[in-house]
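Engineer: This is data-v4.txt, which holds compact mmCIF, C-alpha atoms (C1' of nucleotides):
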# COMPACT_ATOMS: atom_id res chain seq x y z
CA MET A 1 -19.76 15.30 -4.77
CA THR A 2 -19.01 12.87 -2.05
CA GLY A 3 -20.28 9.41 -1.38
CA ASN A 4 -22.86 7.43 -3.29
CA VAL A 5 -25.40 9.50 -5.06
CA ARG A 6 -26.49 6.56 -7.15
CA PHE A 7 -29.66 5.80 -5.25
CA GLY A 8 -30.94 9.32 -5.64
CA VAL A 9 -30.09 9.41 -9.31
CA ALA A 10 -31.67 6.01 -9.84
CA VAL A 11 -34.97 7.07 -8.30
CA HIS A 12 -34.88 10.34 -10.19
CA VAL A 13 -34.41 8.58 -13.50
CA LEU A 14 -36.98 5.91 -12.80
CA VAL A 15 -39.53 8.55 -11.97
CA MET A 16 -38.76 10.27 -15.25
CA LEU A 17 -39.16 7.05 -17.17
CA ALA A 18 -42.40 6.31 -15.39
CA LEU A 19 -43.74 9.75 -16.20
CA GLU A 20 -42.59 9.37 -19.80
CA GLU A 21 -41.39 12.88 -19.33
CA GLY A 22 -38.85 14.21 -21.82
CA ALA A 23 -35.73 12.46 -22.99
CA ARG A 24 -35.11 8.80 -22.45
CA THR A 25 -31.64 8.60 -23.92
CA SER A 26 -28.66 8.64 -21.61
CA THR A 27 -27.63 12.00 -23.01
CA GLY A 28 -31.03 13.56 -22.45
CA ILE A 29 -31.37 12.10 -19.00
CA ALA A 30 -27.89 13.24 -18.10
CA ALA A 31 -28.88 16.81 -18.83
CA SER A 32 -31.82 16.58 -16.44
CA VAL A 33 -29.74 15.06 -13.70
CA ASN A 34 -26.79 17.35 -14.28
CA THR A 35 -24.16 14.77 -14.93
CA ASN A 36 -22.41 12.86 -17.67
CA PRO A 37 -24.18 10.38 -19.98
CA VAL A 38 -21.78 7.63 -19.03
CA VAL A 39 -22.72 7.99 -15.39
CA ILE A 40 -26.34 7.52 -16.36
CA ARG A 41 -25.55 4.50 -18.47
CA ARG A 42 -23.63 2.98 -15.58
CA ILE A 43 -26.50 3.40 -13.16
CA LEU A 44 -29.10 2.26 -15.67
CA GLY A 45 -26.87 -0.68 -16.41
CA LEU A 46 -27.20 -1.73 -12.79
CA LEU A 47 -30.95 -1.26 -12.90
CA GLN A 48 -31.06 -3.28 -16.08
CA ALA A 49 -29.12 -6.11 -14.48
CA ALA A 50 -31.71 -6.06 -11.72
CA GLY A 51 -34.48 -6.35 -14.29
CA LEU A 52 -36.01 -2.98 -13.53
CA VAL A 53 -35.22 -1.32 -16.83
CA ARG A 54 -34.49 -2.18 -20.43
CA GLY A 55 -31.96 -0.46 -22.68
CA HIS A 56 -32.18 -0.44 -26.45
CA THR A 57 -29.18 0.17 -28.63
CA GLY A 58 -29.26 1.69 -32.07
CA ALA A 59 -30.92 4.69 -33.54
CA GLY A 60 -34.11 5.67 -31.78
CA GLY A 61 -32.97 3.61 -28.82
CA GLY A 62 -33.01 4.59 -25.17
CA PHE A 63 -34.37 3.25 -21.92
CA GLU A 64 -37.76 2.15 -20.70
CA LEU A 65 -39.17 0.60 -17.56
CA ALA A 66 -39.23 -3.17 -17.54
CA ARG A 67 -42.01 -3.35 -14.94
CA TRP A 68 -44.99 -1.37 -13.87
CA PRO A 69 -44.08 1.21 -11.23
CA GLU A 70 -46.42 -0.47 -8.74
CA ASN A 71 -44.22 -3.55 -8.91
CA VAL A 72 -40.95 -1.82 -8.16
CA SER A 73 -40.09 -1.21 -4.52
CA LEU A 74 -37.49 1.34 -3.56
CA ALA A 75 -35.67 -1.37 -1.65
CA GLN A 76 -35.12 -3.16 -4.94
CA VAL A 77 -33.75 0.03 -6.40
CA PHE A 78 -31.44 0.49 -3.45
CA ARG A 79 -30.13 -3.02 -3.65
CA ALA A 80 -29.65 -2.71 -7.39
CA VAL A 81 -27.41 0.34 -7.26
CA GLU A 82 -25.76 0.26 -3.85
CA ALA A 83 -23.30 -2.55 -3.59
CA ASP A 84 -22.72 -2.11 0.13
CA GLY A 85 -25.55 -1.97 2.58
CA PRO A 86 -26.26 1.11 4.65
CA ALA A 87 -24.32 -0.17 7.65
CA PRO A 88 -20.64 0.61 7.96
CA PRO A 89 -18.22 -2.25 7.27
CA ALA A 90 -16.56 -4.19 10.06
CA HIS A 91 -13.09 -3.62 11.38
CA ARG A 92 -10.33 -6.16 11.78
CA PRO A 93 -9.64 -6.62 15.46
CA ASN A 94 -6.51 -8.21 16.81
CA ARG A 95 -7.29 -11.91 17.19
CA LYS A 96 -5.23 -12.00 20.36
CA CYS A 97 -7.75 -9.81 22.11
CA PRO A 98 -10.49 -11.98 23.62
CA VAL A 99 -13.00 -9.23 23.06
CA GLY A 100 -11.87 -8.70 19.50
CA ARG A 101 -12.33 -12.34 18.65
CA HIS A 102 -16.01 -12.22 19.54
CA VAL A 103 -17.26 -8.69 19.03
CA SER A 104 -17.31 -9.11 15.29
CA ALA A 105 -20.02 -11.72 15.33
CA VAL A 106 -22.18 -9.69 17.68
CA LEU A 107 -21.59 -6.61 15.60
CA ALA A 108 -22.47 -8.41 12.38
CA SER A 109 -25.68 -9.70 13.84
CA ILE A 110 -26.77 -6.31 15.06
CA GLY A 111 -25.69 -4.64 11.83
CA THR A 112 -27.58 -7.09 9.67
CA GLN A 113 -30.68 -6.54 11.72
CA ALA A 114 -30.42 -2.78 11.33
CA GLU A 115 -29.89 -3.08 7.59
CA ARG A 116 -32.98 -5.20 7.32
CA ALA A 117 -34.94 -2.52 9.12
CA PHE A 118 -33.56 0.07 6.73
CA LEU A 119 -34.49 -1.92 3.64
CA ALA A 120 -37.86 -2.85 5.08
CA SER A 121 -38.61 0.83 5.44
CA LEU A 122 -37.65 1.45 1.83
CA ALA A 123 -39.68 -1.54 0.76
CA ARG A 124 -42.81 0.14 2.04
CA HIS A 125 -42.62 2.54 -0.89
CA THR A 126 -43.05 1.63 -4.54
CA LEU A 127 -41.87 3.57 -7.51
CA ALA A 128 -45.53 4.34 -8.15
CA ASP A 129 -45.73 6.02 -4.73
CA ALA A 130 -42.72 8.17 -5.53
CA VAL A 131 -44.17 9.09 -8.89
CA ALA A 132 -47.45 10.06 -7.30
CA ARG A 133 -45.74 12.26 -4.74
CA VAL A 134 -43.64 13.99 -7.35
CA ARG A 135 -46.67 14.49 -9.52
CA ARG A 136 -48.61 15.97 -6.64
CA GLU A 137 -45.85 18.39 -5.71
CA ALA A 138 -45.03 19.30 -9.27
CA GLY A 139 -48.65 19.92 -10.12
CA ALA A 140 -49.17 21.50 -13.50
CA GLU A 141 -45.49 21.63 -14.36
CA LEU A 142 -45.68 18.16 -15.83
CA SER A 143 -47.01 17.39 -19.25
CA MET B 1 -9.35 -0.48 5.06
CA THR B 2 -12.29 0.98 3.33
CA GLY B 3 -15.25 2.95 4.61
CA ASN B 4 -16.15 3.87 8.14
CA VAL B 5 -14.97 1.38 10.62
CA ARG B 6 -15.55 3.75 13.47
CA PHE B 7 -18.80 2.25 14.67
CA GLY B 8 -17.29 -1.20 14.96
CA VAL B 9 -14.24 0.11 16.73
CA ALA B 10 -16.37 2.18 19.07
CA VAL B 11 -18.47 -0.78 20.14
CA HIS B 12 -15.39 -2.91 20.50
CA VAL B 13 -13.73 -0.40 22.77
CA LEU B 14 -16.84 0.27 24.80
CA VAL B 15 -17.25 -3.44 25.42
CA MET B 16 -13.66 -3.61 26.59
CA LEU B 17 -14.16 -0.71 28.93
CA ALA B 18 -17.35 -2.24 30.26
CA LEU B 19 -15.61 -5.55 30.90
CA GLU B 20 -12.71 -3.72 32.52
CA GLU B 21 -10.65 -6.09 30.47
CA GLY B 22 -6.99 -5.23 29.92
CA ALA B 23 -5.62 -1.89 28.93
CA ARG B 24 -7.60 1.31 29.15
CA THR B 25 -5.04 3.64 27.66
CA SER B 26 -5.24 4.56 24.00
CA THR B 27 -2.02 2.71 23.36
CA GLY B 28 -3.17 -0.48 24.99
CA ILE B 29 -6.58 -0.32 23.34
CA ALA B 30 -4.97 0.34 19.98
CA ALA B 31 -3.07 -2.90 20.26
CA SER B 32 -6.24 -4.85 20.83
CA VAL B 33 -8.02 -3.21 17.96
CA ASN B 34 -5.02 -3.38 15.65
CA THR B 35 -4.66 0.27 14.88
CA ASN B 36 -2.90 3.43 15.92
CA PRO B 37 -3.37 5.09 19.33
CA VAL B 38 -4.34 8.36 17.70
CA VAL B 39 -7.16 6.67 15.87
CA ILE B 40 -8.45 5.39 19.18
CA ARG B 41 -8.16 8.79 20.78
CA ARG B 42 -10.07 10.31 17.89
CA ILE B 43 -12.93 7.87 18.23
CA LEU B 44 -12.98 8.07 21.99
CA GLY B 45 -12.93 11.81 21.65
CA LEU B 46 -16.21 11.58 19.77
CA LEU B 47 -17.65 9.27 22.37
CA GLN B 48 -16.51 11.66 25.06
CA ALA B 49 -18.20 14.57 23.33
CA ALA B 50 -21.36 12.47 23.35
CA GLY B 51 -21.00 11.92 27.07
CA LEU B 52 -20.50 8.19 26.83
CA VAL B 53 -16.91 8.09 28.01
CA ARG B 54 -14.46 10.07 30.09
CA GLY B 55 -10.78 10.54 29.32
CA HIS B 56 -8.17 11.35 31.97
CA THR B 57 -4.90 12.98 31.09
CA GLY B 58 -1.66 12.56 32.93
CA ALA B 59 0.17 9.62 34.36
CA GLY B 60 -2.11 6.73 35.27
CA GLY B 61 -4.75 8.26 33.04
CA GLY B 62 -6.86 6.53 30.42
CA PHE B 63 -10.52 6.09 29.62
CA GLU B 64 -13.56 4.90 31.50
CA LEU B 65 -17.26 4.64 30.83
CA ALA B 66 -19.26 7.69 31.79
CA ARG B 67 -22.51 5.71 32.12
CA TRP B 68 -23.64 2.28 33.05
CA PRO B 69 -23.74 -0.02 30.02
CA GLU B 70 -27.48 -0.48 30.48
CA ASN B 71 -27.95 3.21 29.79
CA VAL B 72 -26.03 3.31 26.53
CA SER B 73 -27.89 2.34 23.37
CA LEU B 74 -26.02 1.38 20.27
CA ALA B 75 -27.93 4.05 18.38
CA GLN B 76 -26.26 6.62 20.59
CA VAL B 77 -22.92 5.11 19.79
CA PHE B 78 -23.67 5.19 16.09
CA ARG B 79 -24.75 8.80 16.17
CA ALA B 80 -21.70 9.74 18.20
CA VAL B 81 -19.14 8.39 15.77
CA GLU B 82 -20.81 8.43 12.36
CA ALA B 83 -21.29 11.96 11.11
CA ASP B 84 -23.43 10.94 8.17
CA GLY B 85 -26.45 8.75 8.54
CA PRO B 86 -26.64 5.34 6.92
CA ALA B 87 -28.53 6.64 3.89
CA PRO B 88 -26.60 7.85 0.88
CA PRO B 89 -26.41 11.60 0.32
CA ALA B 90 -28.63 13.36 -2.20
CA HIS B 91 -27.64 14.40 -5.67
CA ARG B 92 -27.97 17.82 -7.27
CA PRO B 93 -30.50 17.64 -10.07
CA ASN B 94 -30.82 20.22 -12.76
CA ARG B 95 -33.40 22.73 -11.54
CA LYS B 96 -34.72 23.08 -15.05
CA CYS B 97 -36.01 19.54 -14.96
CA PRO B 98 -39.51 19.51 -13.45
CA VAL B 99 -38.84 16.08 -12.00
CA GLY B 100 -35.48 17.14 -10.62
CA ARG B 101 -37.02 20.08 -8.81
CA HIS B 102 -39.29 17.83 -6.78
CA VAL B 103 -37.70 14.42 -6.44
CA SER B 104 -35.28 15.68 -3.86
CA ALA B 105 -37.95 16.39 -1.28
CA VAL B 106 -39.59 13.02 -1.79
CA LEU B 107 -36.23 11.32 -1.64
CA ALA B 108 -35.30 13.14 1.56
CA SER B 109 -38.53 12.16 3.23
CA ILE B 110 -38.14 8.51 2.34
CA GLY B 111 -34.46 8.51 3.26
CA THR B 112 -35.10 10.08 6.64
CA GLN B 113 -37.74 7.51 7.37
CA ALA B 114 -35.39 4.67 6.50
CA GLU B 115 -32.65 6.13 8.65
CA ARG B 116 -35.01 6.34 11.55
CA ALA B 117 -35.82 2.67 11.09
CA PHE B 118 -32.12 1.87 11.03
CA LEU B 119 -31.41 3.78 14.21
CA ALA B 120 -34.51 2.43 15.90
CA SER B 121 -33.20 -1.06 15.27
CA LEU B 122 -29.86 -0.16 16.81
CA ALA B 123 -31.62 1.50 19.71
CA ARG B 124 -33.13 -1.82 20.67
CA HIS B 125 -29.71 -2.94 21.87
CA THR B 126 -27.79 -1.52 24.78
CA LEU B 127 -24.12 -1.73 25.42
CA ALA B 128 -24.99 -4.10 28.24
CA ASP B 129 -26.64 -6.44 25.73
CA ALA B 130 -23.55 -6.43 23.57
CA VAL B 131 -21.34 -7.09 26.57
CA ALA B 132 -23.53 -9.97 27.64
CA ARG B 133 -23.40 -11.54 24.19
CA VAL B 134 -19.65 -11.19 23.97
CA ARG B 135 -19.26 -12.63 27.43
CA ARG B 136 -21.45 -15.58 26.55
CA GLU B 137 -19.57 -16.34 23.38
CA ALA B 138 -16.18 -15.77 24.88
CA GLY B 139 -16.96 -17.94 27.85
CA ALA B 140 -13.97 -18.67 30.04
CA GLU B 141 -11.56 -16.63 27.96
CA LEU B 142 -12.41 -13.55 29.93
CA SER B 143 -11.02 -12.73 33.31
C1' DT C 1 10.88 16.72 38.57
C1' DC C 2 9.69 13.32 35.64
C1' DA C 3 7.42 9.77 33.30
C1' DT C 4 2.95 9.03 31.41
C1' DC C 5 -1.14 9.78 28.95
C1' DT C 6 -4.64 12.65 26.54
C1' DG C 7 -5.78 16.13 23.00
C1' DT C 8 -4.72 17.95 18.47
C1' DA C 9 -2.62 19.53 14.49
C1' DA C 10 -0.41 18.30 10.32
C1' DC C 11 0.63 15.34 6.73
C1' DC C 12 0.73 11.20 3.68
C1' DA C 13 -1.08 7.07 1.50
C1' DT C 14 -4.95 4.80 -0.01
C1' DC C 15 -9.31 3.98 -1.83
C1' DG C 16 -13.98 4.70 -3.66
C1' DT C 17 -16.67 7.57 -6.46
C1' DT C 18 -17.61 10.64 -10.07
C1' DG C 19 -16.56 12.93 -14.33
C1' DT C 20 -14.71 12.53 -18.95
C1' DT C 21 -12.94 10.76 -23.29
C1' DA C 22 -12.77 7.20 -26.51
C1' DC C 23 -14.31 3.45 -29.12
C1' DG C 24 -16.75 -0.91 -30.44
C1' DG C 25 -21.11 -2.68 -31.87
C1' DG C 26 -26.02 -2.97 -32.47
C1' DG C 27 -30.04 -1.20 -35.08
C1' DG C 28 -33.43 1.59 -37.24
C1' DA C 29 -34.19 5.29 -41.06
C1' DG C 30 -33.61 6.52 -45.54
C1' DC D 1 -26.80 -0.86 -48.07
C1' DT D 2 -25.27 3.08 -45.68
C1' DC D 3 -25.56 6.45 -42.24
C1' DC D 4 -26.31 8.10 -38.00
C1' DC D 5 -27.77 7.35 -33.47
C1' DC D 6 -27.35 5.28 -29.11
C1' DC D 7 -25.91 1.79 -25.71
C1' DG D 8 -21.99 -0.78 -23.40
C1' DT D 9 -17.40 -0.51 -21.54
C1' DA D 10 -12.78 0.35 -20.84
C1' DA D 11 -9.45 3.58 -19.30
C1' DC D 12 -7.99 7.43 -16.90
C1' DA D 13 -7.99 11.93 -14.31
C1' DA D 14 -9.84 14.55 -10.37
C1' DC D 15 -11.57 14.71 -5.98
C1' DG D 16 -12.84 13.80 -1.30
C1' DA D 17 -13.10 10.92 2.76
C1' DT D 18 -10.73 7.96 5.76
C1' DG D 19 -7.19 5.80 8.27
C1' DG D 20 -2.44 5.70 9.63
C1' DT D 21 1.57 8.16 11.38
C1' DT D 22 4.50 11.57 13.56
C1' DA D 23 5.03 15.33 16.50
C1' DC D 24 4.15 18.18 20.25
C1' DA D 25 1.67 20.87 23.96
C1' DG D 26 -0.65 20.33 28.33
C1' DA D 27 -2.30 17.90 32.34
C1' DT D 28 -1.44 14.87 36.23
C1' DG D 29 0.01 11.62 39.54
C1' DA D 30 4.17 9.45 41.69
Write out the structure in this file as C-alpha cells.
Structural biologist:
Amino acid sequence: MTGNVRFGVAVHVLVMLALEEGARTSTGIAASVNTNPVVIRRILGLLQAAGLVRGHTGAGGGFELARWPENVSLAQVFRAVEADGPAPPAHRPNRKCPVGRHVSAVLASIGTQAERAFLASLARHTLADAVARVRREAGAELS
Amino acid sequence: MTGNVRFGVAVHVLVMLALEEGARTSTGIAASVNTNPVVIRRILGLLQAAGLVRGHTGAGGGFELARWPENVSLAQVFRAVEADGPAPPAHRPNRKCPVGRHVSAVLASIGTQAERAFLASLARHTLADAVARVRREAGAELS
DNA sequence: TCATCTGTAACCATCGTTGTTACGGGGGAG
DNA sequence: CTCCCCCGTAACAACGATGGTTACAGATGA
C-alpha cells in the first residue's frame, strides 16, 4: 500500500463502532480491515487523542465512540488522523531569486484556501451520514 | 525534501516564465528553484504535456508559456503535475466484513466531492493572478 | 561543425508509511 | 489474589514514492 490510508481506515472503524457491529477489540477490528492490530491501535489512538473515541484496557476492554455519530464530522476525523493537510508541501526556492522570495507566500495563501475548501466539504458530512449510507447500501447484511 | 513539491515548483517556474524574468533554460531555472535541471525538465515536461508550456531543443532553446497567463488556472497546473488528487487513497477492507464491503463506495463519493472542492478553489486563481500578487509583493525588485 | 539545450533512461539516497514482533501495564473474571 | 485479556508503545523490517544525479541521444541555431 502506498500513501496514507488512515482516513479510510478511521472512517471504516468508526462506522463499525457506531453500528455496534462485531468486534470492538483492536484484534477483531484488524481482521475486518485486513491489517495488523497495532495499526488499528495507532489510528484509534489518534482518534482518542482527538476525543472521538475511548479505549479501555484490561480484560473485556476495547473501543467505543466517545460522541454520538451526529456530532462527529468527517473533517474532524480527517484532521485527527492526517497530520499533513491535503495540499502538497512547499518547496525551498533560492532566496536570491526575486520570484522565489515571494512566490512562497502567494502559494501558501492559495494552498491554505484550497485546504479549507477541502475540509469544508468533508465537514458537510457527519459520521451519522456515513453510517446511514452504509446501512442503506448494505441493507439486510447488517445485524 | 518530503512529499510532492511539484506543484509549488510548477507555479514558481510558470510565474518566472510569465514575468520573462531571467533564465528560461532548465539549468537557469534550476538555479533559481534550488534543484537539479533534470527535475525542472521533468516538471516542465508534465506542463508541456498539459499544453501549458512549450520546450525548444537546440542551441538558444528553452521554455516559454504556451498560453496567456489569464488563461491558465492553478487547478490546471495542479492536475498537470500531481498524479494523485489531494485526498488520501483508499484502503482494502476485508470483503467478509459487511461494513468493509460498502464503506469504500461511500468513502469514494465523499472523497471525490472534497477533491472537487479543492480543485474548484484552485480554479478560482489564474496564473495571471499569481503573477500580479508576486509582482505587487516584490515591488521594485523585478526588472 | 559545434556548442547548446531538451528529452529520457537509469540509478541511488532518502523518507514516510505500513506491517510485525515484543513487552509493559491496566483491569475485570473467577 | 491470580489469570488472562487487551490497550499503549517502542523498535525494527519492508516497501514504495520522490527527488537528486549522471549520462547520453537527438534537435537546432550560429
Engineer: Out of B:His91, B:Arg67, B:Arg42, B:Arg124, which residue has the shortest atom-to-atom distance to chain A when counting only C-alpha atoms?
Structural biologist: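 Smallest distance to chain A is found for B:His91.
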Engineer: Just how far from CA of Glu115 in chain A is CA of Phe118 in chain B, in Å to one decimal?
Structural biologist: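 Taking CA of Phe118 in chain B as the start and CA of Glu115 in chain A as the end point, the length is 6.4 Å.
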Engineer: When the cut-off is 6 Å and we count only C-alpha atoms, which residues of chain A are near chain B, given as a PyMOL selection string?
Structural biologist: chain A and resi 4-5+8+32-34+86+88-91+93-94+97+102+114+117-118+121+134
Engineer: Select from chain D every residue with an atom at most 12 Å from any atom of chain B, then for each give the shortest pair of atoms and their distance in Å to one decimal, using all atoms listed in the file, rows by chain and rising number, as JSON lines.
Structural biologist:
{"residue": "D:DA17", "atom": "C1'", "partner": "B:Gly3", "partner_atom": "CA", "distance": 8.5}
{"residue": "D:DT18", "atom": "C1'", "partner": "B:Gly3", "partner_atom": "CA", "distance": 6.8}
{"residue": "D:DG19", "atom": "C1'", "partner": "B:Met1", "partner_atom": "CA", "distance": 7.4}
{"residue": "D:DG20", "atom": "C1'", "partner": "B:Asn36", "partner_atom": "CA", "distance": 6.7}
{"residue": "D:DT21", "atom": "C1'", "partner": "B:Asn36", "partner_atom": "CA", "distance": 7.9}
{"residue": "D:DT22", "atom": "C1'", "partner": "B:Val38", "partner_atom": "CA", "distance": 10.3}
{"residue": "D:DA23", "atom": "C1'", "partner": "B:Val38", "partner_atom": "CA", "distance": 11.7}
{"residue": "D:DG26", "atom": "C1'", "partner": "B:Thr57", "partner_atom": "CA", "distance": 8.9}
{"residue": "D:DA27", "atom": "C1'", "partner": "B:Gly58", "partner_atom": "CA", "distance": 5.4}
{"residue": "D:DT28", "atom": "C1'", "partner": "B:Gly58", "partner_atom": "CA", "distance": 4.0}
{"residue": "D:DG29", "atom": "C1'", "partner": "B:Ala59", "partner_atom": "CA", "distance": 5.6}
{"residue": "D:DA30", "atom": "C1'", "partner": "B:Ala59", "partner_atom": "CA", "distance": 8.4}
Engineer: Between C1' of DC4 in chain D and C1' of DG27 in chain C, what is the distance, to one decimal in Å?
Structural biologist: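 Result for C1' of DC4 in chain D versus C1' of DG27 in chain C: 10.4 Å, one decimal.
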Engineer: Superimpose chain A on chain B so that the squared distances between all in-order C-alpha pairs are minimised, and send the result as a tab-separated table (two decimals) with C-alpha atoms, in the coordinates of the input.
Structural biologist:
chain	number	residue	atom	x	y	z
A	1	MET	CA	-9.50	-0.48	4.94
A	2	THR	CA	-12.34	1.21	3.23
A	3	GLY	CA	-15.22	3.20	4.56
A	4	ASN	CA	-16.12	3.96	8.15
A	5	VAL	CA	-14.98	1.39	10.60
A	6	ARG	CA	-15.54	3.75	13.48
A	7	PHE	CA	-18.79	2.25	14.68
A	8	GLY	CA	-17.28	-1.20	14.96
A	9	VAL	CA	-14.23	0.10	16.75
A	10	ALA	CA	-16.37	2.18	19.07
A	11	VAL	CA	-18.47	-0.79	20.14
A	12	HIS	CA	-15.38	-2.93	20.50
A	13	VAL	CA	-13.73	-0.42	22.78
A	14	LEU	CA	-16.83	0.25	24.82
A	15	VAL	CA	-17.25	-3.44	25.42
A	16	MET	CA	-13.66	-3.62	26.60
A	17	LEU	CA	-14.16	-0.72	28.95
A	18	ALA	CA	-17.35	-2.25	30.27
A	19	LEU	CA	-15.61	-5.55	30.89
A	20	GLU	CA	-12.71	-3.73	32.54
A	21	GLU	CA	-10.65	-6.09	30.50
A	22	GLY	CA	-6.98	-5.23	29.99
A	23	ALA	CA	-5.59	-1.88	28.98
A	24	ARG	CA	-7.58	1.29	29.10
A	25	THR	CA	-5.00	3.63	27.65
A	26	SER	CA	-5.21	4.57	24.01
A	27	THR	CA	-1.98	2.71	23.35
A	28	GLY	CA	-3.17	-0.47	25.01
A	29	ILE	CA	-6.55	-0.33	23.35
A	30	ALA	CA	-4.95	0.33	20.00
A	31	ALA	CA	-3.04	-2.92	20.29
A	32	SER	CA	-6.25	-4.86	20.87
A	33	VAL	CA	-8.00	-3.23	17.97
A	34	ASN	CA	-5.00	-3.41	15.68
A	35	THR	CA	-4.64	0.22	14.88
A	36	ASN	CA	-2.86	3.38	15.92
A	37	PRO	CA	-3.34	5.07	19.31
A	38	VAL	CA	-4.32	8.32	17.67
A	39	VAL	CA	-7.16	6.62	15.86
A	40	ILE	CA	-8.43	5.36	19.19
A	41	ARG	CA	-8.13	8.77	20.77
A	42	ARG	CA	-10.06	10.28	17.89
A	43	ILE	CA	-12.92	7.84	18.23
A	44	LEU	CA	-12.96	8.05	22.01
A	45	GLY	CA	-12.91	11.79	21.65
A	46	LEU	CA	-16.19	11.57	19.77
A	47	LEU	CA	-17.64	9.26	22.39
A	48	GLN	CA	-16.48	11.65	25.07
A	49	ALA	CA	-18.18	14.57	23.34
A	50	ALA	CA	-21.34	12.49	23.36
A	51	GLY	CA	-20.97	11.93	27.09
A	52	LEU	CA	-20.48	8.19	26.83
A	53	VAL	CA	-16.90	8.08	28.03
A	54	ARG	CA	-14.44	10.07	30.09
A	55	GLY	CA	-10.75	10.54	29.34
A	56	HIS	CA	-8.17	11.36	31.96
A	57	THR	CA	-4.88	12.97	31.11
A	58	GLY	CA	-1.68	12.56	33.05
A	59	ALA	CA	0.14	9.62	34.44
A	60	GLY	CA	-2.11	6.71	35.31
A	61	GLY	CA	-4.75	8.24	33.07
A	62	GLY	CA	-6.85	6.50	30.45
A	63	PHE	CA	-10.50	6.07	29.62
A	64	GLU	CA	-13.54	4.90	31.50
A	65	LEU	CA	-17.25	4.64	30.83
A	66	ALA	CA	-19.26	7.68	31.81
A	67	ARG	CA	-22.51	5.73	32.12
A	68	TRP	CA	-23.65	2.29	33.04
A	69	PRO	CA	-23.75	-0.01	30.01
A	70	GLU	CA	-27.50	-0.48	30.46
A	71	ASN	CA	-27.95	3.22	29.78
A	72	VAL	CA	-26.03	3.32	26.53
A	73	SER	CA	-27.89	2.36	23.37
A	74	LEU	CA	-26.02	1.39	20.25
A	75	ALA	CA	-27.93	4.06	18.38
A	76	GLN	CA	-26.26	6.64	20.60
A	77	VAL	CA	-22.91	5.12	19.79
A	78	PHE	CA	-23.68	5.20	16.09
A	79	ARG	CA	-24.74	8.80	16.17
A	80	ALA	CA	-21.70	9.73	18.21
A	81	VAL	CA	-19.14	8.38	15.77
A	82	GLU	CA	-20.82	8.44	12.38
A	83	ALA	CA	-21.31	11.95	11.16
A	84	ASP	CA	-23.45	10.96	8.19
A	85	GLY	CA	-26.46	8.75	8.56
A	86	PRO	CA	-26.66	5.35	6.93
A	87	ALA	CA	-28.54	6.65	3.90
A	88	PRO	CA	-26.61	7.85	0.89
A	89	PRO	CA	-26.47	11.62	0.34
A	90	ALA	CA	-28.67	13.36	-2.19
A	91	HIS	CA	-27.67	14.37	-5.67
A	92	ARG	CA	-27.97	17.78	-7.26
A	93	PRO	CA	-30.50	17.58	-10.05
A	94	ASN	CA	-30.81	20.17	-12.76
A	95	ARG	CA	-33.37	22.69	-11.53
A	96	LYS	CA	-34.70	23.04	-15.06
A	97	CYS	CA	-35.99	19.50	-14.96
A	98	PRO	CA	-39.49	19.46	-13.46
A	99	VAL	CA	-38.85	16.05	-12.00
A	100	GLY	CA	-35.51	17.10	-10.60
A	101	ARG	CA	-37.02	20.05	-8.80
A	102	HIS	CA	-39.33	17.81	-6.80
A	103	VAL	CA	-37.72	14.41	-6.46
A	104	SER	CA	-35.31	15.67	-3.86
A	105	ALA	CA	-37.98	16.38	-1.31
A	106	VAL	CA	-39.61	13.01	-1.82
A	107	LEU	CA	-36.25	11.32	-1.65
A	108	ALA	CA	-35.32	13.15	1.55
A	109	SER	CA	-38.54	12.16	3.19
A	110	ILE	CA	-38.16	8.52	2.32
A	111	GLY	CA	-34.49	8.53	3.25
A	112	THR	CA	-35.12	10.09	6.63
A	113	GLN	CA	-37.76	7.51	7.35
A	114	ALA	CA	-35.40	4.68	6.48
A	115	GLU	CA	-32.65	6.14	8.63
A	116	ARG	CA	-35.02	6.33	11.54
A	117	ALA	CA	-35.83	2.67	11.08
A	118	PHE	CA	-32.13	1.88	11.02
A	119	LEU	CA	-31.41	3.80	14.21
A	120	ALA	CA	-34.51	2.44	15.89
A	121	SER	CA	-33.21	-1.05	15.26
A	122	LEU	CA	-29.87	-0.14	16.80
A	123	ALA	CA	-31.62	1.51	19.69
A	124	ARG	CA	-33.14	-1.81	20.66
A	125	HIS	CA	-29.72	-2.93	21.85
A	126	THR	CA	-27.80	-1.50	24.78
A	127	LEU	CA	-24.12	-1.72	25.40
A	128	ALA	CA	-25.00	-4.09	28.23
A	129	ASP	CA	-26.65	-6.43	25.71
A	130	ALA	CA	-23.54	-6.41	23.55
A	131	VAL	CA	-21.35	-7.07	26.56
A	132	ALA	CA	-23.53	-9.97	27.61
A	133	ARG	CA	-23.40	-11.52	24.16
A	134	VAL	CA	-19.65	-11.18	23.95
A	135	ARG	CA	-19.28	-12.62	27.40
A	136	ARG	CA	-21.47	-15.56	26.52
A	137	GLU	CA	-19.57	-16.34	23.34
A	138	ALA	CA	-16.17	-15.76	24.87
A	139	GLY	CA	-16.96	-17.93	27.84
A	140	ALA	CA	-13.98	-18.64	30.04
A	141	GLU	CA	-11.56	-16.62	27.95
A	142	LEU	CA	-12.41	-13.51	29.92
A	143	SER	CA	-11.01	-12.72	33.31
Engineer: Which distance in Å separates CA of Phe63 in chain B and CA of Thr126 in chain B, to one decimal?
Structural biologist: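 The value is 19.5 Å.
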Engineer: Tell me, as number ranges by chain, which residues lie within 12 Å of DC12 in chain D, counting all atoms listed in the file; anything in the same chain fewer than 5 positions away does not count.
Structural biologist: C: 19-22
Engineer: Using all atoms listed in the file, what does the table of chain C residues within 6 Å of chain B look like, with each row giving the shortest atom pair and its distance in Å to one decimal, sorted by chain and ascending number, as a Markdown table?
Structural biologist:
| residue | atom | partner | partner_atom | distance |
| --- | --- | --- | --- | --- |
| C:DT4 | C1' | B:Ala59 | CA | 4.1 |
| C:DC5 | C1' | B:Gly58 | CA | 4.9 |
| C:DT6 | C1' | B:Thr57 | CA | 4.6 |
Engineer: In the coordinates of the file, take the point (-11.3, 1.9, -30.1) and a cut-off of 12 Å; then, counting all atoms listed in the file, name each qualifying protein, DNA or RNA residue as an MDAnalysis selection string.
Structural biologist: (chainID C and resid 21:25) or (chainID D and resid 9:11)
Engineer: Go ahead and find all residues with at least one atom no further than 10 Å from (-42.0, -3.1, -11.8) in the file's coordinates, using all atoms listed in the file; report them as a PyMOL selection string.
Structural biologist: chain A and resi 51-53+65-73+76+126-128
